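What follows is a short report on a single structure.
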Amino acid sequence: MRYVIGFSSIFIVSLLLSSSANESYKVLESALSGVLGALLGGIISAISIIFGLLTTRSEKLQTFASSNGRFLSFVKGLKLDAYILLGCTFLAVFLPYLRNIDIVFLQYPTWQLMPSKNMLFTTAEIMVVILSFVVIAEIISVLFRVFEIALVKENVPKD
């Protein structure tokens, strides 16, 4: 239910921010795929650092990682977040293409209350932006939590 509410909220905000003006969505389309691609590369390199920490001889971190269910849920969430960001990057590249072609079996309806095709695609692109930054914030949170765990000294009593 939480995901449905979150996705619906993102859709409503995106719809309110979208425009069918050619200049507005061209700016978004020109920058979006490059920015998301660069962020995806940075996230993948950060994840490789985590893998490096887990595969080194640091027994403390390996013991903690294998015995703590919360840490395992962090890693599973990190994997899901990376795949979501990969999907957002794909959509950032693919949506401008779909906007500009007319596929016969995907004719856009022209009902009175339906937003225009350009506005709907701009809404989808803004949703990709918002979702990407939410996922990136989650990934950064997980990365810092992993580093906090890695920096805790052994045999030090907790306050």
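In the structure tokens, each chain is lettered A, B, ... as it comes, each chain's residues begin at 1, and ligands are numbered from 1 in order of appearance.
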
Residues of chain A in helix (DSSP H, G or I) according to DSSP, as a count of residues only?
-> 129

Write out as an MDAnalysis selection string each polymer residue whose atoms come within 7 Å of Ile10 of chain A, counting only C-alpha atoms; drop sequence neighbours fewer than 4 positions from it.
-> chainID A and resid 6 14 127

Distance query Ser19 of chain A at most 8 Å, only C-alpha atoms, self and fewer than 2 positions along chain excluded, as a ChimeraX atom specification | /A:17,21,24-25,118-119,122-123

Output N, CA and C atoms for every residue in the selection just made, as a CSV table (one decimal), in the first residue's frame.
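Contents of result-v8.csv, freshly written:
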```csv
chain,number,residue,atom,x,y,z
A,17,LEU,N,3.6,19.4,-12.6
A,17,LEU,CA,4.8,20.0,-13.1
A,17,LEU,C,5.0,19.9,-14.6
A,21,ALA,N,4.6,22.1,-23.7
A,21,ALA,CA,5.4,23.1,-24.5
A,21,ALA,C,6.7,22.4,-24.9
A,24,SER,N,10.1,23.2,-23.0
A,24,SER,CA,10.2,22.6,-21.6
A,24,SER,C,10.7,21.2,-21.6
A,25,TYR,N,10.1,20.4,-22.4
A,25,TYR,CA,10.5,19.0,-22.4
A,25,TYR,C,11.8,18.7,-23.2
A,118,ASN,N,2.2,15.0,-25.5
A,118,ASN,CA,3.4,15.6,-25.0
A,118,ASN,C,3.4,15.8,-23.5
A,119,MET,N,2.2,16.1,-23.0
A,119,MET,CA,2.1,16.3,-21.6
A,119,MET,C,2.2,15.0,-20.8
A,122,THR,N,5.9,14.0,-20.9
A,122,THR,CA,6.6,14.9,-19.9
A,122,THR,C,6.4,14.5,-18.5
A,123,THR,N,5.1,14.1,-18.2
A,123,THR,CA,4.8,13.6,-16.9
A,123,THR,C,5.6,12.3,-16.6
```

Shell around segment 67-82 of chain A at 9 Å using only C-alpha atoms, local window under 5 positions removed, as a PyMOL selection string = chain A and resi 40+43-44+47+62+87+135-136+138-139+142-143+145-146

Take the selection from the previous step and output its residues with N, CA and C atoms, as a PDB file, in the first residue's frame.
```pdb
ATOM      1  N   LEU A  40      24.308   6.519 -12.264  1.00  0.00           N
ATOM      2  CA  LEU A  40      24.318   5.061 -12.226  1.00  0.00           C
ATOM      3  C   LEU A  40      25.745   4.539 -12.162  1.00  0.00           C
ATOM      4  N   ILE A  43      26.986   5.073  -8.633  1.00  0.00           N
ATOM      5  CA  ILE A  43      26.360   4.127  -7.705  1.00  0.00           C
ATOM      6  C   ILE A  43      26.986   2.747  -7.856  1.00  0.00           C
ATOM      7  N   ILE A  44      27.241   2.337  -9.079  1.00  0.00           N
ATOM      8  CA  ILE A  44      27.862   1.030  -9.298  1.00  0.00           C
ATOM      9  C   ILE A  44      29.262   0.993  -8.697  1.00  0.00           C
ATOM     10  N   ILE A  47      28.854   0.633  -4.974  1.00  0.00           N
ATOM     11  CA  ILE A  47      28.477  -0.738  -4.633  1.00  0.00           C
ATOM     12  C   ILE A  47      29.700  -1.654  -4.721  1.00  0.00           C
ATOM     13  N   GLN A  62      32.527  -9.299   7.893  1.00  0.00           N
ATOM     14  CA  GLN A  62      31.942 -10.517   7.336  1.00  0.00           C
ATOM     15  C   GLN A  62      31.019 -11.198   8.348  1.00  0.00           C
ATOM     16  N   GLY A  87      16.566   0.888 -14.615  1.00  0.00           N
ATOM     17  CA  GLY A  87      15.320   1.023 -15.373  1.00  0.00           C
ATOM     18  C   GLY A  87      14.981   2.477 -15.660  1.00  0.00           C
ATOM     19  N   VAL A 135      15.482   7.058  -5.245  1.00  0.00           N
ATOM     20  CA  VAL A 135      16.304   5.851  -5.193  1.00  0.00           C
ATOM     21  C   VAL A 135      17.757   6.201  -4.870  1.00  0.00           C
ATOM     22  N   ILE A 136      18.271   7.257  -5.456  1.00  0.00           N
ATOM     23  CA  ILE A 136      19.653   7.666  -5.186  1.00  0.00           C
ATOM     24  C   ILE A 136      19.810   8.064  -3.721  1.00  0.00           C
ATOM     25  N   GLU A 138      18.111   6.864  -1.238  1.00  0.00           N
ATOM     26  CA  GLU A 138      18.093   5.608  -0.492  1.00  0.00           C
ATOM     27  C   GLU A 138      19.436   4.884  -0.604  1.00  0.00           C
ATOM     28  N   ILE A 139      20.005   4.861  -1.782  1.00  0.00           N
ATOM     29  CA  ILE A 139      21.299   4.207  -1.974  1.00  0.00           C
ATOM     30  C   ILE A 139      22.377   4.908  -1.157  1.00  0.00           C
ATOM     31  N   VAL A 142      22.024   3.898   2.449  1.00  0.00           N
ATOM     32  CA  VAL A 142      22.532   2.540   2.682  1.00  0.00           C
ATOM     33  C   VAL A 142      24.057   2.529   2.672  1.00  0.00           C
ATOM     34  N   LEU A 143      24.662   3.233   1.740  1.00  0.00           N
ATOM     35  CA  LEU A 143      26.128   3.260   1.674  1.00  0.00           C
ATOM     36  C   LEU A 143      26.735   3.844   2.940  1.00  0.00           C
ATOM     37  N   ARG A 145      25.359   3.867   5.886  1.00  0.00           N
ATOM     38  CA  ARG A 145      25.125   2.910   6.978  1.00  0.00           C
ATOM     39  C   ARG A 145      26.150   1.778   6.930  1.00  0.00           C
ATOM     40  N   VAL A 146      26.469   1.306   5.745  1.00  0.00           N
ATOM     41  CA  VAL A 146      27.466   0.246   5.614  1.00  0.00           C
ATOM     42  C   VAL A 146      28.828   0.747   6.102  1.00  0.00           C
TER      43      VAL A 146
END
```

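Atom pair atom CA of Ile140 of chain A / atom CA of Leu15 of chain A has a distance of 27.2 Å (rounded to one decimal).
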
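Distances to Phe144 of chain A were evaluated for A:Ile50, A:Leu16, A:Ile5, A:Leu39 using only C-alpha atoms, and the minimum falls at A:Ile50.
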
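Residue nearest Gly41 of chain A, chosen from A:Val27, A:Leu120, A:Leu86, A:Ile103 and counting only C-alpha atoms: A:Leu86.
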
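Picture a line from atom CA of Phe51 of chain A to atom CA of Ser132 of chain A; it runs 22.5 Å.
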
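Among the candidates A:Leu91, A:Ile126, A:Met114, A:Gly37, the one nearest to Ile12 of chain A when counting only C-alpha atoms is A:Ile126.
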